[in-house]
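Shown next, in structure tokens, is the structure this report addresses.
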Amino acid sequence: MKRALLLADPGSSREPGYGEEIFRDIYKGWMEIETLCGGREISLEQFCTCHTVILHTGHLDAWSRESVGNLIAYVADGGSLMALGEGLHTRRYPEILGLLGGGLKGKSTPCLLDFKKTEGKESPERVESFSLTEEARFYELDPLGESQVLYEMEYACRSYPAVWRRNYAWGRVFCLGFGTMAESFPPPVRKILWEAGLWLLYRT
């Protein structure tokens, strides 16, 4: 059984259909989820006791600089990281954005959004396109970061990166640019996250 450390916001694990409940359902039978809510001081040893880290918190700016350094060191040394929603946003730590391959430049109120698989890109995800009600979140990726964009969000006749993955030193990083509410996880998104777990942990 693989082990994941879910870094979440206080109270999120108690929301029906949200938080750790989602990940336990997606990875049932092959990944055990341990949740740490509101952690600000996280040691390298804590990161290294798990097979992957799931970053699903909006409180990155409250972390200590040492905790940020520990996360980056964990991934660089061969660890794996999955970041979702608010876990992709920080104003205080540009080094986190370097780890993720880019950052959030703006967002809008929740609305019905279309997501499409990027043409010409091979990936294990077998979901072609899907729609959901979510905040429109606009990301800008580092062109030198060599991120592989898997899905794009369609908004106001433009396309924005929504799901991407990248190698970081000896480790791997998978980013889902949404996931701020229970409605963010319909079956197609759960399928993408299931496949992402295989890519992160088994190097598929």
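Each chain of the structure tokens is named A, B, ... in the order shown, its residues numbered from 1; ligands are numbered from 1 in display order.
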
As number ranges by chain, please: the residues near range 176-187 of chain A (cut-off 9 Å, only C-alpha atoms, same-chain neighbours under 5 positions excluded). A: 15-19, 22, 56, 82-88, 104, 132-139, 161-165, 192-193

Please save N, CA and C atoms of the selected residues as a JSON list (two decimals), in the first residue's frame.
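Wrote again-v6.json, looks like this:
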```json
[["chain", "number", "residue", "atom", "x", "y", "z"],
["A", 15, "GLU", "N", -15.63, 18.58, 5.41],
["A", 15, "GLU", "CA", -16.67, 18.97, 4.48],
["A", 15, "GLU", "C", -17.11, 17.76, 3.67],
["A", 16, "PRO", "N", -18.42, 17.47, 3.62],
["A", 16, "PRO", "CA", -18.91, 16.31, 2.86],
["A", 16, "PRO", "C", -18.50, 16.40, 1.39],
["A", 17, "GLY", "N", -17.97, 15.29, 0.87],
["A", 17, "GLY", "CA", -17.61, 15.23, -0.53],
["A", 17, "GLY", "C", -16.39, 16.04, -0.91],
["A", 18, "TYR", "N", -15.61, 16.46, 0.07],
["A", 18, "TYR", "CA", -14.47, 17.32, -0.20],
["A", 18, "TYR", "C", -13.30, 16.86, 0.66],
["A", 19, "GLY", "N", -12.13, 17.43, 0.40],
["A", 19, "GLY", "CA", -10.97, 17.10, 1.23],
["A", 19, "GLY", "C", -10.54, 15.66, 1.09],
["A", 22, "ILE", "N", -12.39, 12.76, -0.88],
["A", 22, "ILE", "CA", -12.22, 12.62, -2.33],
["A", 22, "ILE", "C", -11.04, 11.72, -2.64],
["A", 56, "HIS", "N", -3.02, 20.65, -1.12],
["A", 56, "HIS", "CA", -4.40, 21.11, -1.35],
["A", 56, "HIS", "C", -4.76, 22.10, -0.24],
["A", 82, "MET", "N", 1.68, 16.30, -5.94],
["A", 82, "MET", "CA", 0.46, 16.64, -6.65],
["A", 82, "MET", "C", -0.09, 17.91, -6.01],
["A", 83, "ALA", "N", -0.28, 18.96, -6.81],
["A", 83, "ALA", "CA", -0.78, 20.23, -6.30],
["A", 83, "ALA", "C", -2.10, 20.56, -6.97],
["A", 84, "LEU", "N", -3.09, 21.01, -6.18],
["A", 84, "LEU", "CA", -4.42, 21.29, -6.70],
["A", 84, "LEU", "C", -4.93, 22.63, -6.18],
["A", 85, "GLY", "N", -5.71, 23.32, -7.01],
["A", 85, "GLY", "CA", -6.44, 24.51, -6.58],
["A", 85, "GLY", "C", -5.58, 25.54, -5.87],
["A", 86, "GLU", "N", -5.94, 25.86, -4.63],
["A", 86, "GLU", "CA", -5.21, 26.87, -3.87],
["A", 86, "GLU", "C", -3.78, 26.45, -3.57],
["A", 87, "GLY", "N", -3.49, 25.17, -3.71],
["A", 87, "GLY", "CA", -2.13, 24.69, -3.49],
["A", 87, "GLY", "C", -1.15, 25.14, -4.56],
["A", 88, "LEU", "N", -1.66, 25.83, -5.60],
["A", 88, "LEU", "CA", -0.80, 26.35, -6.66],
["A", 88, "LEU", "C", -0.59, 27.85, -6.53],
["A", 104, "LEU", "N", -0.44, 31.42, -10.56],
["A", 104, "LEU", "CA", -1.75, 32.00, -10.81],
["A", 104, "LEU", "C", -1.63, 33.49, -11.06],
["A", 132, "LEU", "N", -17.27, 21.65, -16.04],
["A", 132, "LEU", "CA", -17.65, 21.71, -14.63],
["A", 132, "LEU", "C", -17.78, 23.17, -14.21],
["A", 133, "THR", "N", -18.49, 23.36, -13.10],
["A", 133, "THR", "CA", -18.63, 24.70, -12.52],
["A", 133, "THR", "C", -17.52, 24.91, -11.51],
["A", 134, "GLU", "N", -16.74, 25.94, -11.76],
["A", 134, "GLU", "CA", -15.53, 26.17, -10.97],
["A", 134, "GLU", "C", -15.09, 27.62, -11.18],
["A", 135, "GLU", "N", -14.23, 28.12, -10.31],
["A", 135, "GLU", "CA", -13.60, 29.40, -10.56],
["A", 135, "GLU", "C", -12.74, 29.30, -11.82],
["A", 136, "ALA", "N", -12.80, 30.31, -12.66],
["A", 136, "ALA", "CA", -11.87, 30.37, -13.79],
["A", 136, "ALA", "C", -10.55, 30.89, -13.25],
["A", 137, "ARG", "N", -9.51, 30.06, -13.33],
["A", 137, "ARG", "CA", -8.21, 30.40, -12.77],
["A", 137, "ARG", "C", -7.21, 30.47, -13.92],
["A", 138, "PHE", "N", -6.53, 31.60, -14.02],
["A", 138, "PHE", "CA", -5.66, 31.86, -15.16],
["A", 138, "PHE", "C", -4.20, 31.69, -14.75],
["A", 139, "TYR", "N", -3.55, 30.68, -15.32],
["A", 139, "TYR", "CA", -2.16, 30.37, -14.98],
["A", 139, "TYR", "C", -1.22, 30.77, -16.10],
["A", 161, "PRO", "N", -3.65, 27.11, -19.55],
["A", 161, "PRO", "CA", -3.26, 25.81, -18.99],
["A", 161, "PRO", "C", -4.07, 25.49, -17.74],
["A", 162, "ALA", "N", -4.58, 24.26, -17.67],
["A", 162, "ALA", "CA", -5.40, 23.86, -16.54],
["A", 162, "ALA", "C", -4.85, 22.64, -15.81],
["A", 163, "VAL", "N", -4.24, 21.73, -16.55],
["A", 163, "VAL", "CA", -3.64, 20.53, -15.98],
["A", 163, "VAL", "C", -2.29, 20.34, -16.65],
["A", 164, "TRP", "N", -1.24, 20.22, -15.86],
["A", 164, "TRP", "CA", 0.08, 20.00, -16.45],
["A", 164, "TRP", "C", 0.94, 19.16, -15.50],
["A", 165, "ARG", "N", 2.04, 18.67, -16.05],
["A", 165, "ARG", "CA", 2.97, 17.86, -15.26],
["A", 165, "ARG", "C", 4.39, 18.15, -15.72],
["A", 192, "ILE", "N", -8.64, 11.52, -14.15],
["A", 192, "ILE", "CA", -7.37, 12.20, -14.39],
["A", 192, "ILE", "C", -6.46, 12.09, -13.17],
["A", 193, "LEU", "N", -7.02, 12.28, -11.98],
["A", 193, "LEU", "CA", -6.23, 12.19, -10.75],
["A", 193, "LEU", "C", -5.76, 10.76, -10.49]]
```

Residues flagged strand (DSSP E or B) by DSSP in range 55-158 of chain A, as JSON, numbers by chain: {"A": [55, 56, 80, 81, 82, 83, 84, 102, 103, 104, 105, 106, 107, 108, 109, 110, 111, 112, 113, 114, 115, 116, 117, 129, 130, 131, 132, 133, 134, 135, 136, 137, 138, 139, 140, 141, 148, 149, 150, 151, 152, 153, 154, 155, 158]}

Contacts of range 90-93 of chain A within 9 Å, only C-alpha atoms, excl. fewer than 5 positions in-chain, as a list in words: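 Contacts, with the query itself left out: Gly58, His59, Leu60, Asp61, Ala62, Arg65, Val68, Gly103 and Leu104 of chain A.
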
Please list as a compact mmCIF listing (two decimals) with N, CA, C and O atoms, in the first residue's frame every residue within 7 Å of range 71-79 of chain A, counting only C-alpha atoms and excluding residues in the same chain fewer than 6 positions away.
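The resulting file, out_23.txt, is shown below:
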```txt
# COMPACT_ATOMS: atom_id res chain seq x y z
N LEU A 44 11.66 17.62 6.76
CA LEU A 44 12.00 16.79 5.61
C LEU A 44 11.68 15.33 5.91
O LEU A 44 11.24 14.59 5.02
N PHE A 47 8.05 14.56 5.14
CA PHE A 47 7.83 14.39 3.71
C PHE A 47 8.36 13.03 3.24
O PHE A 47 7.71 12.33 2.45
N CYS A 48 9.51 12.65 3.73
CA CYS A 48 10.18 11.44 3.24
C CYS A 48 9.53 10.15 3.71
O CYS A 48 9.86 9.07 3.21
N HIS A 51 5.07 8.33 0.05
CA HIS A 51 5.42 8.12 -1.35
C HIS A 51 5.09 9.32 -2.21
O HIS A 51 5.70 9.51 -3.26
N THR A 52 4.10 10.11 -1.81
CA THR A 52 3.76 11.33 -2.54
C THR A 52 3.13 12.33 -1.58
O THR A 52 2.60 11.97 -0.53
N LEU A 99 8.97 25.39 -8.48
CA LEU A 99 8.74 23.95 -8.36
C LEU A 99 7.55 23.51 -9.19
O LEU A 99 7.59 22.48 -9.87
N TYR A 168 11.09 17.45 -12.03
CA TYR A 168 11.84 18.45 -11.26
C TYR A 168 13.03 17.72 -10.64
O TYR A 168 12.84 16.94 -9.69
N ALA A 169 14.21 17.97 -11.19
CA ALA A 169 15.41 17.23 -10.77
C ALA A 169 15.10 15.73 -10.86
O ALA A 169 14.73 15.24 -11.92
N TRP A 170 15.17 15.01 -9.73
CA TRP A 170 14.90 13.57 -9.76
C TRP A 170 13.44 13.24 -9.46
O TRP A 170 13.05 12.07 -9.45
N GLY A 171 12.63 14.25 -9.20
CA GLY A 171 11.24 14.02 -8.82
C GLY A 171 10.25 14.37 -9.91
O GLY A 171 10.60 14.75 -11.03
N ARG A 172 8.96 14.25 -9.56
CA ARG A 172 7.88 14.54 -10.50
C ARG A 172 6.82 15.41 -9.84
O ARG A 172 6.55 15.27 -8.63
```

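The list of residues with at least one atom within 7 Å of Thr118 in chain A, based on only C-alpha atoms and without residues fewer than 3 positions apart in the same chain, reads Lys121, Val149, Leu150, Tyr151 and Glu152 of chain A.
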
Just the selected residues (all heavy atoms), exported as a short mmCIF file (atom, residue, chain, number, x, y, z; two decimals), in the first residue's frame, please.
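Saved as again.cif:
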```
data_model
loop_
_atom_site.label_atom_id
_atom_site.label_comp_id
_atom_site.auth_asym_id
_atom_site.auth_seq_id
_atom_site.Cartn_x
_atom_site.Cartn_y
_atom_site.Cartn_z
N LYS A 121 -0.44 16.04 -27.82
CA LYS A 121 0.33 15.66 -26.65
C LYS A 121 -0.08 14.27 -26.19
O LYS A 121 -1.25 14.00 -25.94
CB LYS A 121 0.10 16.66 -25.50
CG LYS A 121 0.58 18.06 -25.81
CD LYS A 121 2.09 18.14 -25.83
CE LYS A 121 2.54 19.59 -25.98
NZ LYS A 121 4.00 19.72 -26.01
N VAL A 149 1.61 20.45 -20.83
CA VAL A 149 0.22 20.81 -20.58
C VAL A 149 -0.67 19.70 -21.13
O VAL A 149 -0.63 19.39 -22.32
CB VAL A 149 -0.14 22.16 -21.23
CG1 VAL A 149 -1.62 22.48 -21.01
CG2 VAL A 149 0.73 23.27 -20.67
N LEU A 150 -1.51 19.12 -20.27
CA LEU A 150 -2.38 18.02 -20.65
C LEU A 150 -3.79 18.48 -21.00
O LEU A 150 -4.42 17.93 -21.91
CB LEU A 150 -2.44 16.99 -19.52
CG LEU A 150 -1.09 16.44 -19.05
CD1 LEU A 150 -1.30 15.51 -17.86
CD2 LEU A 150 -0.36 15.74 -20.17
N TYR A 151 -4.29 19.50 -20.27
CA TYR A 151 -5.63 20.03 -20.51
C TYR A 151 -5.59 21.54 -20.43
O TYR A 151 -4.84 22.12 -19.64
CB TYR A 151 -6.65 19.48 -19.50
CG TYR A 151 -6.88 18.00 -19.64
CD1 TYR A 151 -6.07 17.09 -18.98
CD2 TYR A 151 -7.91 17.52 -20.45
CE1 TYR A 151 -6.27 15.73 -19.13
CE2 TYR A 151 -8.11 16.15 -20.59
CZ TYR A 151 -7.29 15.27 -19.93
OH TYR A 151 -7.48 13.91 -20.08
N GLU A 152 -6.43 22.17 -21.25
CA GLU A 152 -6.55 23.61 -21.23
C GLU A 152 -7.99 24.01 -20.89
O GLU A 152 -8.93 23.29 -21.21
CB GLU A 152 -6.17 24.21 -22.60
CG GLU A 152 -4.70 24.04 -22.93
CD GLU A 152 -4.34 24.63 -24.28
OE1 GLU A 152 -5.24 24.66 -25.17
OE2 GLU A 152 -3.19 25.06 -24.46
#
```

Near range 33-35 of chain A, counting only C-alpha atoms, which residues have an atom at most 7 Å away, once you skip same-chain residues fewer than 4 positions from it, shown as a PyMOL selection string? chain A and resi 3-8+20+24

Write the residues you've just listed into a file as a tab-separated table (two decimals), in the first residue's frame, and include N, CA and C atoms for each of them.
```tsv
chain	number	residue	atom	x	y	z
A	3	ARG	N	1.61	5.37	0.37
A	3	ARG	CA	1.18	6.30	1.40
A	3	ARG	C	1.33	7.73	0.89
A	4	ALA	N	0.27	8.53	1.05
A	4	ALA	CA	0.28	9.92	0.62
A	4	ALA	C	0.05	10.83	1.82
A	5	LEU	N	0.75	11.96	1.83
A	5	LEU	CA	0.54	12.98	2.85
A	5	LEU	C	-0.27	14.11	2.22
A	6	LEU	N	-1.51	14.29	2.69
A	6	LEU	CA	-2.40	15.33	2.18
A	6	LEU	C	-2.27	16.56	3.07
A	7	LEU	N	-1.80	17.65	2.50
A	7	LEU	CA	-1.69	18.91	3.22
A	7	LEU	C	-2.91	19.75	2.89
A	8	ALA	N	-3.80	19.92	3.85
A	8	ALA	CA	-5.11	20.53	3.61
A	8	ALA	C	-5.35	21.68	4.57
A	20	GLU	N	-10.13	15.09	2.21
A	20	GLU	CA	-9.54	13.75	2.17
A	20	GLU	C	-10.52	12.69	1.68
A	24	ARG	N	-9.39	9.61	-0.68
A	24	ARG	CA	-9.56	8.24	-0.21
A	24	ARG	C	-10.40	7.42	-1.18
```

List the spatial neighbours of Met153 in chain A as a ChimeraX atom specification - criterion: any atom at most 6 Å away, only C-alpha atoms, same-chain residues fewer than 5 positions off excluded. /A:114-115,159-160,162

Written selection (N, CA, C and O atoms) as a short mmCIF file (atom, residue, chain, number, x, y, z; two decimals), in the first residue's frame:
```cif
data_model
loop_
_atom_site.label_atom_id
_atom_site.label_comp_id
_atom_site.auth_asym_id
_atom_site.auth_seq_id
_atom_site.Cartn_x
_atom_site.Cartn_y
_atom_site.Cartn_z
N ASP A 114 -15.32 24.85 -19.78
CA ASP A 114 -14.98 23.70 -20.62
C ASP A 114 -13.47 23.46 -20.56
O ASP A 114 -12.67 24.40 -20.64
N PHE A 115 -13.11 22.18 -20.44
CA PHE A 115 -11.71 21.77 -20.41
C PHE A 115 -11.48 20.78 -21.54
O PHE A 115 -12.25 19.82 -21.71
N SER A 159 -7.55 30.12 -24.46
CA SER A 159 -7.21 28.87 -23.77
C SER A 159 -6.12 29.15 -22.74
O SER A 159 -5.18 29.90 -23.00
N TYR A 160 -6.26 28.52 -21.57
CA TYR A 160 -5.31 28.68 -20.49
C TYR A 160 -4.90 27.29 -19.97
O TYR A 160 -5.74 26.39 -19.92
N ALA A 162 -4.58 24.26 -17.67
CA ALA A 162 -5.40 23.86 -16.54
C ALA A 162 -4.85 22.64 -15.81
O ALA A 162 -5.00 22.51 -14.60
#
```

Using only C-alpha atoms, which of the listed residues (A:Thr49, A:Met1, A:Leu200, A:Pro94) sits closest to Trp30 in chain A?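 Checking each of A:Thr49, A:Met1, A:Leu200, A:Pro94 against Trp30 in chain A, counting only C-alpha atoms, the winner is A:Met1.
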
Between CA of Trp199 in chain A and CA of Leu141 in chain A, what distance in Å does the model show, to one decimal?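 Result for CA of Trp199 in chain A versus CA of Leu141 in chain A: 20.5 Å, one decimal.
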
Could you tell me, as a list of chain:residue names, which residues of range 40-135 of chain A DSSP assigns to alpha helix (DSSP H) when given the backbone?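 Residues of range 40-135 of chain A classed as alpha helix (DSSP H): A:Leu44, A:Glu45, A:Gln46, A:Phe47, A:Cys48, A:Arg65, A:Glu66, A:Ser67, A:Val68, A:Gly69, A:Asn70, A:Leu71, A:Ile72, A:Ala73, A:Tyr74, A:Val75, A:Ala76, A:Pro94, A:Glu95, A:Ile96, A:Leu97, A:Gly98, A:Leu99, A:Leu100.
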
Of A:Glu95, A:Asp25, A:Glu140, A:Asp9, the one sitting nearest Gly39 in chain A when using only C-alpha atoms is A:Asp9

Point-to-point distance in Å for CA of Glu45 in chain A and CA of Gly29 in chain A: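 Computing the Euclidean distance for CA of Gly29 in chain A and CA of Glu45 in chain A yields 25.1 Å.
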
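Straight-line separation from CA of Thr57 in chain A to CA of Leu97 in chain A: 14.5 Å.
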